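Visitor: Dropping the structure in here first, questions after.
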4 protein chains.
Amino acid sequence: MLAKKAKKYRDMVCIGRTHGVHAEPTTFGLKLALWCDEVKRDLERLKQAKEEVSVGKISGAVGTFANVDPQVEVYICKKLGLKAANISTQVIQRDVYAQYMAVLAVIGASLEKFATELRHLQRTEVLEAEEPFGKGQKGSSAMPHKRNPVICERICGLARLLRGNALAAIENVALWHERDISHSSVERVIFPDSTLALDYMLHKFIQVIDGLQVYPDNMLANLARTHGLIFSQRVLLTLMDKGLPRMKAYDLVQRCAMKTWKDGSDFKDNLSQDKDVARYLSVRELDKIFDLDYYLRHVKKIFNRAGL
Amino acid sequence: MLAKKAKKYRDMVCIGRTHGVHAEPTTFGLKLALWCDEVKRDLERLKQAKEEVSVGKISGAVGTFANVDPQVEVYICKKLGLKAANISTQVIQRDVYAQYMAVLAVIGASLEKFATELRHLQRTEVLEAEEPFGKGQKGSSAMPHKRNPVICERICGLARLLRGNALAAIENVALWHERDISHSSVERVIFPDSTLALDYMLHKFIQVIDGLQVYPDNMLANLARTHGLIFSQRVLLTLMDKGLPRMKAYDLVQRCAMKTWKDGSDFKDNLSQDKDVARYLSVRELDKIFDLDYYLRHVKKIFNRAGL
Amino acid sequence: MLAKKAKKYRDMVCIGRTHGVHAEPTTFGLKLALWCDEVKRDLERLKQAKEEVSVGKISGAVGTFANVDPQVEVYICKKLGLKAANISTQVIQRDVYAQYMAVLAVIGASLEKFATELRHLQRTEVLEAEEPFGKGQKGSSAMPHKRNPVICERICGLARLLRGNALAAIENVALWHERDISHSSVERVIFPDSTLALDYMLHKFIQVIDGLQVYPDNMLANLARTHGLIFSQRVLLTLMDKGLPRMKAYDLVQRCAMKTWKDGSDFKDNLSQDKDVARYLSVRELDKIFDLDYYLRHVKKIFNRAGL
Amino acid sequence: MLAKKAKKYRDMVCIGRTHGVHAEPTTFGLKLALWCDEVKRDLERLKQAKEEVSVGKISGAVGTFANVDPQVEVYICKKLGLKAANISTQVIQRDVYAQYMAVLAVIGASLEKFATELRHLQRTEVLEAEEPFGKGQKGSSAMPHKRNPVICERICGLARLLRGNALAAIENVALWHERDISHSSVERVIFPDSTLALDYMLHKFIQVIDGLQVYPDNMLANLARTHGLIFSQRVLLTLMDKGLPRMKAYDLVQRCAMKTWKDGSDFKDNLSQDKDVARYLSVRELDKIFDLDYYLRHVKKIFNRAGL
């Protein structure tokens, strides 16, 4: 699902943001491809953690098989689809469950990251994407823009729960001697809660991705919001290629950029109308610089590397 | 080191305890073999986590390689012994560090478990083992028994630090868009602190195991502390094998056991002097029941299964 | 400082957002007044926690004053500006430090909330405020809009550290008997780290508030971004006051609102040009409805209640 | 209940332990008095936290009372036994619940400490106290000593849950703008779970204290387990009072102490039979030194200071 969507939006250009501030163009598909790669890591972690917890034991009161033959353990574990623990006390050692719960928390944090991105994109001022909004659903009585990313917010919240539970699971490791039962009360709460919560989060996230509303026009509008300033670094580099010393080139670019920043005028226009700049860059050259495709020329290769 | 010690003490019998209360005999080597098995899991986790974090990226401000060729990234990462990230933003995604820090916390919890066991064994009333005590070191001015398991206590404490730091690392995953820098201040503290702390804990633990004082006489004395009651279950089972109904057998055993519990008399003596019991079990048979070797007959096999 | 700024911006209107989506008008001063109120609670918590930890003890190896008179403890604690603990073991009980560290974490979370708000307001698309930006400081080589809220991001990060450390402190409470020293290794790290980090965060936050850049024009522009839709609820209520049944009123409002949402036309214009609406609401009445002051008529009272 | 028990056992002497190793005599009542003092602190914390969360709000979508008069809030909150929040957004600020949950976690840690002490005292080798054991309850089929401190272990486990939940609550503080709903999913789990768990823990702990089995004979036997070595420091101090230089006195004490430690002979006998010691200390003086009452002479005063 995620991979399909990543491919679908592979070339849909949008602004990349660092610190919440516009940086350089990227594509919406790249955002999703990033998640695909992370989900793959999460799946691998889950697979390993699941294998680790898939052990059983019937080795008696302190793990010596005093009154039961080791073969019984092997036999029954096999029947249950489990591996017999190499060695145990009265219980399976708790590190395997600690690891499992930690992995659930890490996966929860991945989902929290994805959901946080969508919450950002759904902001009124940004509005590049929205989580699906049921037909009958009402965000607000009369305000049609009041579509709230409540599913994504819920996913973020539950990620906190998974973290807290992971911690309790790690505290459960240091049992006394051949076992004490302090882990039991905790596990009766955190095992069902964390597995159910993550299952729910995953289902909800799939539902969000499946029905995701994407607004390319807003992406382009947001890209234009700084009137071309996002290309300033490339202007600078080109002027330097033309032989200008860095400081000199910087001053020229900065002069035009500040004008744009202050009065909202078009950055490319300011450059082309700047006599000093014009001496080095023709309008045609400027057009070449102000080219989104330049930023996206490696997108295919990145998708390839990410196995998409 | 741990494996060597496990083998050395493979057949050194001691009481197994559940809930802190005497249960059935086990061996000191089995305790250590259990740890060997857990350390193996920890090493595997660390290996995988280390592989996960061994990635680098030089993909530009938002991960598009806008002004740098992907080949540069591959080349430099290779030089640094890193894998180039399949896909990145301005930074490597934080889930890999979260996973790494969670693994450090789980390993810390393993060490905490081992250290807790030794702290228990070093109690004045138990005194089956002691962490090494330097020649010049003074536990207390004049009390020669005042050797405190301070290294093991330190290991336990630092395990708490690792847990707290793991949590902060998992919270670092959900950065905004193509990166915000909120993870940085945290990582400057928790990365060096957790890696150094775990390194220190491991060194200290090795030192503890290397110089571990083990007191077999005290192990035997503790085994005898319940005057043979730890064999009561086997007496019960044997009486049942002889044809006694469970309730009847239970009453006989319970009668003799309670006498022992109350006046500290020897359980085997009480049984042999009990007319009803004597009808079913000869002194010779009782001797066979009160046999520690019975409990240890599978120890070799367990060691084999644990690869020791 | 915060109170002064709150008063300064008391009537500076801006959009209030729930779920990141525009809701109803509020003022920038109200945001700050909310923080003032929270800071007051934090100060009270800190005061109490500080009082709790301001205890000392010189009561001997297990707290019985075996070789030191209780008066000595009282005398020395007084000299140190501490209260003598009512009762102690070899150490002050760790619950007081756990509580203290938990309070630091809660205060850190308050600062995280404030800093998160500012990070949101500094987004390129929102740009209602910016943390101070040093003269010589460069966000990016040539992009004048590239001012990153790095201080606020740092504050957010360190809040995670405080949480993790609080947890370790709470784990420190359950020492064995009259003390074990497992708390010590942890406290040597978390006490200086958390107190220094919070001190740093507070200083940085004060610096941010002191030099905060506020952009009222952008606040108004953002308010206008939904072309008047934020007044829709009030239109609905007024129509109902005029005797229209809710469903009927809702349909009228919804019709005009959807037009605005789709083509970006002015909501008030749509209403005044809607024949059905015009029957109930004159242009003058509409003007009265589309009045920001209405939303702010209780601001003074709220400030009073918050002691500002 | 706890205070009553503390007073009851005020003068019941037992060994004080640091690092799990015998240190100096104390009394069982002092252990309980220590808990009384901590419970008082916990109650004060809970009272304040409860007061903090006892606020309500009806201030509209973003906290401006746009469509509801502030008086309505005051009126309804009063009816509900709540204070109206000085200022709010769409919701009560989450720091008050974070503080509340942190306090629950600290209280849980106190109970964990008490329960851990009892688990230690119930160890087979120590057996100074036991949690109540139901008549029909069976620890083990035939072993009458197999009474497991399962309630105390359960309390310890649930303390971990409270810690994890507190953390999630602190993470809930930093909501976006005038609210996002990410806190809600978490709170639906952690609020009922933590309050119910702590309530249960408190009830169980009261039940444990109420029915606590205390074994004074075992306390005395444990005191004697080091054959008088616990008095060695006082011997040393008395020899120094008699004019011996510290090093000389130390050597004498150490000599006799080591003999005791090695062969289990009585320390006082060894001292009285040591010619060098005998020159300074008469048998009568030794008797005075080996006096448990000396260690307990301040117990009443401590109880007074603790308000017992």
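Ligands are numbered from 1 in the order shown, residues from 1 within each chain, and chains are lettered A, B, ... in the order they appear in the structure tokens.
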Using only C-alpha atoms, determine which residues of chain D fall within 8 Å of chain A; present them as a PyMOL selection string.
Guide: chain D and resi 150+153-158+160-161+163-168+171-172+180-186+190
Visitor: Need the shell around Ala33 in chain D: protein/DNA/RNA residues with any atom at most 10 Å away, counting only C-alpha atoms. Skip same-chain ones fewer than 5 positions apart. Format as a PyMOL selection string?
Guide: (chain C and resi 86-88) or (chain D and resi 2-7+9-10+27-28+38-39+302-303+306-308)
Visitor: Which is closer to Pro144 in chain C than all the others in A:Lys78, A:His22, A:Lys31, A:Arg305, using only C-alpha atoms?
Guide: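 Using only C-alpha atoms, the shortest distance to Pro144 in chain C belongs to A:His22.
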Visitor: Using only C-alpha atoms, can you tell me which of D:Gly20, D:Thr238, D:Leu223, D:Ala49 comes closest to Thr116 in chain B?
Guide: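 Among the listed residues, D:Gly20 lies closest to Thr116 in chain B.
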Visitor: Pick out each residue of range 256-304 of chain A that DSSP on the backbone tags as alpha helix (DSSP H); I need them as a CSV table (one decimal) with N, CA and C atoms, in the first residue's frame.
Guide:
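The result, written out as result.csv:
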```csv
chain,number,residue,atom,x,y,z
A,256,CYS,N,19.4,40.7,-3.8
A,256,CYS,CA,18.1,40.4,-4.5
A,256,CYS,C,17.2,39.6,-3.6
A,257,ALA,N,17.8,38.7,-2.8
A,257,ALA,CA,17.0,37.9,-2.0
A,257,ALA,C,16.3,38.7,-0.9
A,258,MET,N,17.0,39.7,-0.3
A,258,MET,CA,16.4,40.5,0.7
A,258,MET,C,15.3,41.4,0.2
A,259,LYS,N,15.4,41.8,-1.0
A,259,LYS,CA,14.3,42.6,-1.7
A,259,LYS,C,13.1,41.7,-1.7
A,260,THR,N,13.3,40.5,-2.2
A,260,THR,CA,12.1,39.5,-2.3
A,260,THR,C,11.5,39.3,-0.9
A,261,TRP,N,12.4,39.1,0.0
A,261,TRP,CA,11.9,38.8,1.4
A,261,TRP,C,11.1,39.9,1.9
A,262,LYS,N,11.5,41.1,1.6
A,262,LYS,CA,10.8,42.3,2.2
A,262,LYS,C,9.6,42.7,1.5
A,263,ASP,N,9.6,42.7,0.1
A,263,ASP,CA,8.4,43.2,-0.6
A,263,ASP,C,7.6,42.1,-1.3
A,267,PHE,N,11.9,36.6,-7.0
A,267,PHE,CA,13.3,36.6,-6.9
A,267,PHE,C,14.0,36.6,-8.2
A,268,LYS,N,13.5,35.8,-9.1
A,268,LYS,CA,14.1,35.7,-10.5
A,268,LYS,C,14.0,37.0,-11.2
A,269,ASP,N,12.9,37.7,-11.1
A,269,ASP,CA,12.8,39.1,-11.7
A,269,ASP,C,13.8,40.0,-11.1
A,270,ASN,N,13.9,39.9,-9.8
A,270,ASN,CA,14.9,40.8,-9.1
A,270,ASN,C,16.3,40.6,-9.6
A,271,LEU,N,16.6,39.3,-9.8
A,271,LEU,CA,17.9,39.0,-10.3
A,271,LEU,C,18.1,39.5,-11.8
A,272,SER,N,17.1,39.2,-12.6
A,272,SER,CA,17.3,39.6,-14.0
A,272,SER,C,17.3,41.1,-14.1
A,275,LYS,N,21.6,44.8,-12.4
A,275,LYS,CA,22.6,45.0,-13.5
A,275,LYS,C,23.8,44.2,-13.2
A,276,ASP,N,24.2,44.1,-12.0
A,276,ASP,CA,25.4,43.3,-11.7
A,276,ASP,C,25.2,41.8,-12.0
A,277,VAL,N,24.1,41.4,-11.6
A,277,VAL,CA,23.8,39.9,-11.9
A,277,VAL,C,23.7,39.7,-13.4
A,278,ALA,N,23.0,40.6,-14.0
A,278,ALA,CA,22.7,40.4,-15.5
A,278,ALA,C,24.0,40.3,-16.3
A,283,VAL,N,18.9,35.8,-19.0
A,283,VAL,CA,17.5,35.4,-18.6
A,283,VAL,C,17.4,33.8,-18.8
A,284,ARG,N,18.0,33.4,-19.9
A,284,ARG,CA,17.9,32.0,-20.3
A,284,ARG,C,18.6,31.1,-19.2
A,285,GLU,N,19.7,31.6,-18.8
A,285,GLU,CA,20.5,30.9,-17.8
A,285,GLU,C,19.7,30.9,-16.5
A,286,LEU,N,19.1,32.0,-16.2
A,286,LEU,CA,18.3,32.1,-15.0
A,286,LEU,C,17.1,31.1,-15.0
A,287,ASP,N,16.5,31.0,-16.2
A,287,ASP,CA,15.4,30.0,-16.3
A,287,ASP,C,15.9,28.6,-16.0
A,288,LYS,N,17.1,28.3,-16.5
A,288,LYS,CA,17.6,27.0,-16.3
A,288,LYS,C,17.9,26.7,-14.8
A,289,ILE,N,18.3,27.8,-14.1
A,289,ILE,CA,18.5,27.7,-12.7
A,289,ILE,C,17.3,27.4,-11.9
A,292,LEU,N,12.7,23.2,-11.2
A,292,LEU,CA,12.5,22.2,-10.2
A,292,LEU,C,13.1,20.8,-10.6
A,293,ASP,N,13.1,20.5,-11.8
A,293,ASP,CA,13.5,19.2,-12.3
A,293,ASP,C,15.0,18.9,-11.8
A,294,TYR,N,15.7,20.0,-11.8
A,294,TYR,CA,17.1,19.8,-11.3
A,294,TYR,C,17.2,19.1,-10.0
A,295,TYR,N,16.3,19.5,-9.1
A,295,TYR,CA,16.3,18.9,-7.7
A,295,TYR,C,15.8,17.5,-7.7
A,296,LEU,N,15.1,17.1,-8.7
A,296,LEU,CA,14.5,15.8,-8.7
A,296,LEU,C,15.2,14.8,-9.6
A,299,VAL,N,15.8,11.3,-8.2
A,299,VAL,CA,14.6,10.6,-7.5
A,299,VAL,C,14.5,9.2,-7.9
A,300,LYS,N,14.6,8.9,-9.1
A,300,LYS,CA,14.5,7.5,-9.6
A,300,LYS,C,15.5,6.6,-9.0
A,301,LYS,N,16.7,7.2,-9.0
A,301,LYS,CA,17.8,6.4,-8.4
A,301,LYS,C,17.6,6.1,-6.9
A,302,ILE,N,17.1,7.1,-6.2
A,302,ILE,CA,16.8,6.9,-4.8
A,302,ILE,C,15.7,5.8,-4.6
A,303,PHE,N,14.7,5.9,-5.5
A,303,PHE,CA,13.6,4.8,-5.4
A,303,PHE,C,14.2,3.4,-5.7
A,304,ASN,N,15.1,3.4,-6.7
A,304,ASN,CA,15.8,2.1,-6.9
A,304,ASN,C,16.5,1.6,-5.7
```
Visitor: Would you mind writing down, as a count of residues only, each residue of range 10-109 of chain D that DSSP on the backbone assigns to strand (DSSP E)?
Guide: 17
Visitor: Nearest residue to Trp176 in chain A out of B:Ala61, B:Val91, B:Leu244, B:Lys113, using only C-alpha atoms?
Guide: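 Of B:Ala61, B:Val91, B:Leu244, B:Lys113, the one nearest Trp176 in chain A is B:Lys113, counting only C-alpha atoms.
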Visitor: Between CA of Leu127 in chain A and CA of Lys146 in chain C, measure the distance and give it in Å to one decimal.
Guide: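 So the two atoms, CA of Leu127 in chain A and CA of Lys146 in chain C, lie 20.9 Å apart.
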Visitor: Can you tell me, as a list in words, what residues are no more than 12 Å from Arg41 in chain C when counting only C-alpha atoms, ignoring any on the same chain fewer than 5 positions away?
Guide: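 Surrounding residues, per the criterion: Leu34, Trp35, Cys36, Leu46, Lys47, Gln48, Val103, Val106, Ile107, Ser110 and Ala306 of chain C; Gln48, Ala49, Glu51, Glu52, Val53, Ala85, Asn86, Gln93, Arg94, Asp95, Val96 and Gln99 of chain D.
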Visitor: Those residues with C-alpha atoms, as a PDB file, in the first residue's frame please?
Guide:
```pdb
ATOM      1  CA  LEU C  34      -1.672  30.567  29.501  1.00  0.00           C
ATOM      2  CA  TRP C  35       2.044  29.953  29.889  1.00  0.00           C
ATOM      3  CA  CYS C  36       2.289  32.403  32.791  1.00  0.00           C
ATOM      4  CA  LEU C  46       9.510  23.329  42.355  1.00  0.00           C
ATOM      5  CA  LYS C  47       9.213  25.182  45.650  1.00  0.00           C
ATOM      6  CA  GLN C  48       7.591  22.202  47.318  1.00  0.00           C
ATOM      7  CA  VAL C 103       8.940  17.834  39.005  1.00  0.00           C
ATOM      8  CA  VAL C 106       7.115  18.171  34.357  1.00  0.00           C
ATOM      9  CA  ILE C 107       8.655  21.652  34.187  1.00  0.00           C
ATOM     10  CA  SER C 110       5.953  22.808  30.104  1.00  0.00           C
ATOM     11  CA  ALA C 306      -4.826  34.684  35.626  1.00  0.00           C
TER      12      ALA C 306
ATOM     13  CA  GLN D  48      -1.527  18.647  46.344  1.00  0.00           C
ATOM     14  CA  ALA D  49      -1.697  16.755  43.069  1.00  0.00           C
ATOM     15  CA  GLU D  51      -6.030  19.728  44.271  1.00  0.00           C
ATOM     16  CA  GLU D  52      -4.182  20.604  41.084  1.00  0.00           C
ATOM     17  CA  VAL D  53      -6.299  18.302  38.921  1.00  0.00           C
ATOM     18  CA  ALA D  85      -9.204  26.971  35.581  1.00  0.00           C
ATOM     19  CA  ASN D  86      -7.690  30.453  35.635  1.00  0.00           C
ATOM     20  CA  GLN D  93      -3.465  22.085  30.354  1.00  0.00           C
ATOM     21  CA  ARG D  94      -1.924  18.649  30.680  1.00  0.00           C
ATOM     22  CA  ASP D  95       0.830  19.566  33.137  1.00  0.00           C
ATOM     23  CA  VAL D  96      -1.597  19.077  36.007  1.00  0.00           C
ATOM     24  CA  GLN D  99       2.156  15.972  37.843  1.00  0.00           C
TER      25      GLN D  99
END
```
Visitor: So which residues touch Leu220 in chain A within 10 Å, counting only C-alpha atoms, skipping near sequence neighbours fewer than 2 positions away, as a ChimeraX atom specification?
Guide: /A:12-15,128,215-218,222-225
Visitor: Go ahead and write the selection's residues with N, CA, C and O atoms as a PDB file, in the first residue's frame.
Guide:
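Heads up, here's the output in out.pdb:
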```
ATOM      1  N   MET A  12       5.750  13.948  -7.677  1.00  0.00           N
ATOM      2  CA  MET A  12       4.924  15.085  -7.274  1.00  0.00           C
ATOM      3  C   MET A  12       5.751  16.006  -6.388  1.00  0.00           C
ATOM      4  O   MET A  12       5.997  15.728  -5.223  1.00  0.00           O
ATOM      5  N   VAL A  13       6.135  17.116  -6.980  1.00  0.00           N
ATOM      6  CA  VAL A  13       7.097  17.975  -6.285  1.00  0.00           C
ATOM      7  C   VAL A  13       6.441  18.761  -5.146  1.00  0.00           C
ATOM      8  O   VAL A  13       5.275  19.173  -5.235  1.00  0.00           O
ATOM      9  N   CYS A  14       7.173  18.902  -4.076  1.00  0.00           N
ATOM     10  CA  CYS A  14       6.712  19.723  -2.956  1.00  0.00           C
ATOM     11  C   CYS A  14       7.952  20.274  -2.251  1.00  0.00           C
ATOM     12  O   CYS A  14       9.064  19.838  -2.530  1.00  0.00           O
ATOM     13  N   ILE A  15       7.730  21.205  -1.358  1.00  0.00           N
ATOM     14  CA  ILE A  15       8.873  21.790  -0.678  1.00  0.00           C
ATOM     15  C   ILE A  15       9.366  20.849   0.430  1.00  0.00           C
ATOM     16  O   ILE A  15       8.552  20.249   1.150  1.00  0.00           O
ATOM     17  N   GLU A 128      -1.331  20.253   2.405  1.00  0.00           N
ATOM     18  CA  GLU A 128      -0.830  19.484   1.267  1.00  0.00           C
ATOM     19  C   GLU A 128      -1.410  18.077   1.250  1.00  0.00           C
ATOM     20  O   GLU A 128      -1.358  17.387   0.237  1.00  0.00           O
ATOM     21  N   TYR A 215      -3.027  17.075  -2.094  1.00  0.00           N
ATOM     22  CA  TYR A 215      -3.359  18.317  -2.799  1.00  0.00           C
ATOM     23  C   TYR A 215      -2.148  18.910  -3.523  1.00  0.00           C
ATOM     24  O   TYR A 215      -1.462  19.786  -2.999  1.00  0.00           O
ATOM     25  N   PRO A 216      -1.897  18.438  -4.762  1.00  0.00           N
ATOM     26  CA  PRO A 216      -0.727  18.894  -5.525  1.00  0.00           C
ATOM     27  C   PRO A 216      -0.717  20.401  -5.743  1.00  0.00           C
ATOM     28  O   PRO A 216       0.342  21.019  -5.721  1.00  0.00           O
ATOM     29  N   ASP A 217      -1.888  20.986  -5.961  1.00  0.00           N
ATOM     30  CA  ASP A 217      -1.941  22.429  -6.185  1.00  0.00           C
ATOM     31  C   ASP A 217      -1.404  23.191  -4.978  1.00  0.00           C
ATOM     32  O   ASP A 217      -0.663  24.160  -5.133  1.00  0.00           O
ATOM     33  N   ASN A 218      -1.779  22.731  -3.814  1.00  0.00           N
ATOM     34  CA  ASN A 218      -1.277  23.398  -2.610  1.00  0.00           C
ATOM     35  C   ASN A 218       0.218  23.190  -2.453  1.00  0.00           C
ATOM     36  O   ASN A 218       0.931  24.048  -1.943  1.00  0.00           O
ATOM     37  N   ASN A 222       2.644  26.258  -2.120  1.00  0.00           N
ATOM     38  CA  ASN A 222       3.586  26.399  -1.000  1.00  0.00           C
ATOM     39  C   ASN A 222       5.022  26.551  -1.511  1.00  0.00           C
ATOM     40  O   ASN A 222       5.804  27.319  -0.950  1.00  0.00           O
ATOM     41  N   LEU A 223       5.337  25.805  -2.572  1.00  0.00           N
ATOM     42  CA  LEU A 223       6.673  25.930  -3.164  1.00  0.00           C
ATOM     43  C   LEU A 223       6.945  27.376  -3.592  1.00  0.00           C
ATOM     44  O   LEU A 223       8.067  27.876  -3.483  1.00  0.00           O
ATOM     45  N   ALA A 224       5.890  28.023  -4.078  1.00  0.00           N
ATOM     46  CA  ALA A 224       6.042  29.383  -4.603  1.00  0.00           C
ATOM     47  C   ALA A 224       6.000  30.435  -3.508  1.00  0.00           C
ATOM     48  O   ALA A 224       6.201  31.622  -3.770  1.00  0.00           O
ATOM     49  N   ARG A 225       5.740  30.017  -2.301  1.00  0.00           N
ATOM     50  CA  ARG A 225       5.470  30.972  -1.242  1.00  0.00           C
ATOM     51  C   ARG A 225       6.652  31.893  -0.935  1.00  0.00           C
ATOM     52  O   ARG A 225       6.468  32.995  -0.436  1.00  0.00           O
TER      53      ARG A 225
END
```
Visitor: If you measure from CA of Gln213 in chain C to CA of Thr18 in chain A, what distance in Å do you get, rounded to one decimal?
Guide: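 Taking CA of Gln213 in chain C and CA of Thr18 in chain A, their separation equals 19.7 Å.
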Visitor: Rounded to one decimal in Å, what is the spacing between CA of Gln71 in chain D and CA of Lys57 in chain D?
Guide: 10.9 Å
Visitor: Identify which of the residues B:Gln122, B:Ser282, B:Ser194, B:Ser232 lies closest to Val21 in chain D, counting only C-alpha atoms when measuring atom-to-atom distances.
Guide: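 For Val21 in chain D, the nearest of the candidates is B:Gln122.
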Visitor: What's around Ile206 in chain A at 9 Å? Count only C-alpha atoms, leave out sequence neighbours fewer than 5 positions away in its own chain, and write the answer as a PyMOL selection string.
Guide: chain A and resi 1-2+201+211
Visitor: Keeping only C-alpha atoms, take the residues you just selected and write them out as a short mmCIF file (atom, residue, chain, number, x, y, z; two decimals), in the first residue's frame.
Guide:
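Heads up, here's the output in out_23.cif:
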```cif
data_model
loop_
_atom_site.label_atom_id
_atom_site.label_comp_id
_atom_site.auth_asym_id
_atom_site.auth_seq_id
_atom_site.Cartn_x
_atom_site.Cartn_y
_atom_site.Cartn_z
CA MET A 1 0.00 0.00 0.00
CA LEU A 2 2.65 2.44 1.15
CA MET A 201 -2.29 1.79 15.12
CA GLY A 211 -7.68 7.10 1.81
#
```
